[in-house]
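Below: one structure, written as structure tokens.
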Amino acid sequence: MGSSHSRSEEIQELADKTGFTSDQIEHLHRRFKQLSGDQPTIRKENFDRIPDLEFNPLRAKIVQAFFDKRNLGEASEGLVDEINFEDFLTIMSNFRPIEMNMDEEQLDRFRKQKLKFLFHMYDSDSDGKITLQEYRKVVQELLSGNPHLDKESVRSIADGAMMEAASICMGQMEPDQVYEGITFEDFLKIWDGIDIETKMHVRFLTMEPIAPCH
């Protein structure tokens, strides 16, 4: 971060933007420096230094989310090669746990922010929809380590889950009806009533990501 005379102002600006406390920002800055090797930016390979990510089935998606331009507030799509500390905090704010003093409007905004981030993780081709193929890929990654499920079983589970999601958004579907995919508005309906606020967070001390799940 900046020089000592502007450090407190810079931390306050970051706190206002991300919702983190000053102590959390200080801690995350130390973790950022540890990941980057004391450099001003980090790249994808720097995340190899997080042991807890090594066996996470969604590791690739979690890491990619840090470099997704959509999550960094950029108008264009695609990935950036590296991110600075402010970018890092912006992404981490999506994993911030719920605060007890949030009013209904803040909680709704907080929930939609998390769901938008999660939607981007599923929408791998950035077309604004989650296709059956994208959803199946996520399920396959989640179940890849299960020795009791073969590929056909995994595909069947993915198809069933996607059709259930589609039925929530479109009602009863006809056998010959083609479903083009889930939009973000559909995604909000699917997650209505599901406790995303506590399922999607990060432990600050270990920076161990919790895989978002239903």
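Within each chain, counting starts at residue 1; across the structure tokens, chains are named A, B, ... in the order shown, with ligands numbered 1 upward in that order.
For range 187-189 of chain A, the set of protein, DNA and RNA residues having any atom at most 12 Å away, when counting only C-alpha atoms and skipping those fewer than 5 positions along the same chain, is Asp108, Arg111, Lys112, Gln113, Lys114, Leu115, Lys116, Phe117, Leu118, Phe119, His120, Tyr122, Asp123, Gly128, Lys129, Ile130, Thr131, Met162, Ala165, Ala166, Ser167, Ile168, Cys169, Met170, Gly171, Gly181, Ile182, Ile194 and Ile196 of chain A.
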Near Leu53 in chain A, within 9 Å and counting only C-alpha atoms, which residues show up once chain neighbours fewer than 4 positions away are dropped, as a PDB file with N, CA, C and O atoms, in the first residue's frame?
ATOM      1  N   PHE A  47      -1.046 -18.634  -6.954  1.00  0.00           N
ATOM      2  CA  PHE A  47      -2.047 -19.332  -6.128  1.00  0.00           C
ATOM      3  C   PHE A  47      -1.634 -20.767  -5.817  1.00  0.00           C
ATOM      4  O   PHE A  47      -2.274 -21.430  -5.004  1.00  0.00           O
ATOM      5  N   ASP A  48      -0.573 -21.239  -6.459  1.00  0.00           N
ATOM      6  CA  ASP A  48      -0.050 -22.560  -6.131  1.00  0.00           C
ATOM      7  C   ASP A  48       0.502 -22.590  -4.708  1.00  0.00           C
ATOM      8  O   ASP A  48       0.745 -23.662  -4.157  1.00  0.00           O
ATOM      9  N   ARG A  49       0.680 -21.421  -4.118  1.00  0.00           N
ATOM     10  CA  ARG A  49       1.212 -21.330  -2.758  1.00  0.00           C
ATOM     11  C   ARG A  49       0.139 -21.503  -1.689  1.00  0.00           C
ATOM     12  O   ARG A  49       0.428 -21.404  -0.500  1.00  0.00           O
ATOM     13  N   PRO A  57     -11.930 -29.335  -5.793  1.00  0.00           N
ATOM     14  CA  PRO A  57     -12.342 -29.668  -7.164  1.00  0.00           C
ATOM     15  C   PRO A  57     -12.667 -28.455  -8.020  1.00  0.00           C
ATOM     16  O   PRO A  57     -12.662 -28.541  -9.247  1.00  0.00           O
ATOM     17  N   LEU A  58     -12.962 -27.331  -7.373  1.00  0.00           N
ATOM     18  CA  LEU A  58     -13.254 -26.101  -8.120  1.00  0.00           C
ATOM     19  C   LEU A  58     -12.052 -25.159  -8.156  1.00  0.00           C
ATOM     20  O   LEU A  58     -12.201 -23.967  -8.435  1.00  0.00           O
ATOM     21  N   ARG A  59     -10.867 -25.694  -7.878  1.00  0.00           N
ATOM     22  CA  ARG A  59      -9.659 -24.873  -7.800  1.00  0.00           C
ATOM     23  C   ARG A  59      -9.482 -23.986  -9.038  1.00  0.00           C
ATOM     24  O   ARG A  59      -9.274 -22.779  -8.919  1.00  0.00           O
ATOM     25  N   ILE A  62     -12.046 -21.165  -9.129  1.00  0.00           N
ATOM     26  CA  ILE A  62     -11.817 -20.168  -8.085  1.00  0.00           C
ATOM     27  C   ILE A  62     -10.663 -19.257  -8.470  1.00  0.00           C
ATOM     28  O   ILE A  62     -10.756 -18.027  -8.371  1.00  0.00           O
ATOM     29  N   VAL A  63      -9.561 -19.855  -8.931  1.00  0.00           N
ATOM     30  CA  VAL A  63      -8.390 -19.062  -9.315  1.00  0.00           C
ATOM     31  C   VAL A  63      -8.728 -18.171 -10.503  1.00  0.00           C
ATOM     32  O   VAL A  63      -8.398 -16.978 -10.524  1.00  0.00           O
ATOM     33  N   GLU A 208      -8.580 -20.085   3.413  1.00  0.00           N
ATOM     34  CA  GLU A 208      -9.030 -21.357   2.851  1.00  0.00           C
ATOM     35  C   GLU A 208     -10.379 -21.161   2.183  1.00  0.00           C
ATOM     36  O   GLU A 208     -11.379 -20.921   2.859  1.00  0.00           O
ATOM     37  N   PRO A 209     -10.461 -21.230   0.865  1.00  0.00           N
ATOM     38  CA  PRO A 209     -11.731 -21.031   0.193  1.00  0.00           C
ATOM     39  C   PRO A 209     -12.720 -22.144   0.492  1.00  0.00           C
ATOM     40  O   PRO A 209     -12.348 -23.308   0.564  1.00  0.00           O
TER      41      PRO A 209
END
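Remark: for His29 in chain A, the closest of the candidate residues A:Glu134, A:Glu185, A:Glu86, A:Glu13 is A:Glu86 (distances computed over only C-alpha atoms).
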Could you tell me, as a ChimeraX atom specification, which residues of range 19-154 of chain A DSSP assigns to strand (DSSP E) when given the backbone?
/A:41-42,83-84
Can you measure CA of Ile190 in chain A to CA of Ser76 in chain A for me? One decimal in Å is fine.
26.9 Å
Could you write out, as a PyMOL selection string, all the residues of chain A that DSSP marks as alpha helix (DSSP H)?
chain A and resi 4-18+22-36+59-65+85-92+104-122+132-143+151-170+184-190+196-199
Between A:Arg155, A:Pro147, A:Ser22, A:Thr90, single out the one closest to Phe67 in chain A, counting only C-alpha atoms.
A:Thr90
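For range 36-40 of chain A, the residues within 12 Å (counting only C-alpha atoms, excluding itself and residues fewer than 2 positions away along the chain) are Met1, Gly2, Leu28, His29, Arg30, Arg31, Phe32, Lys33, Gln34, Ile42, Arg43, Lys44, Glu45, Asn46, Phe47, Asp48, Arg49, Ile50, Glu82, Ile83, Asn84, Phe85, Glu86, Asp87 and Phe88 of chain A.
Going from CA of Gly193 in chain A to CA of Pro97 in chain A covers 17.3 Å.
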Non-local contacts of Thr18 in chain A (9 Å; only C-alpha atoms; under 5 positions in same chain excluded) as a list in words:
Glu13, Leu89, Thr90, Ile91, Met92, Ser93, Asn94 and Arg96 of chain A
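If you look at CA of Arg136 in chain A and CA of Ala158 in chain A, they are 4.9 Å away from each other.
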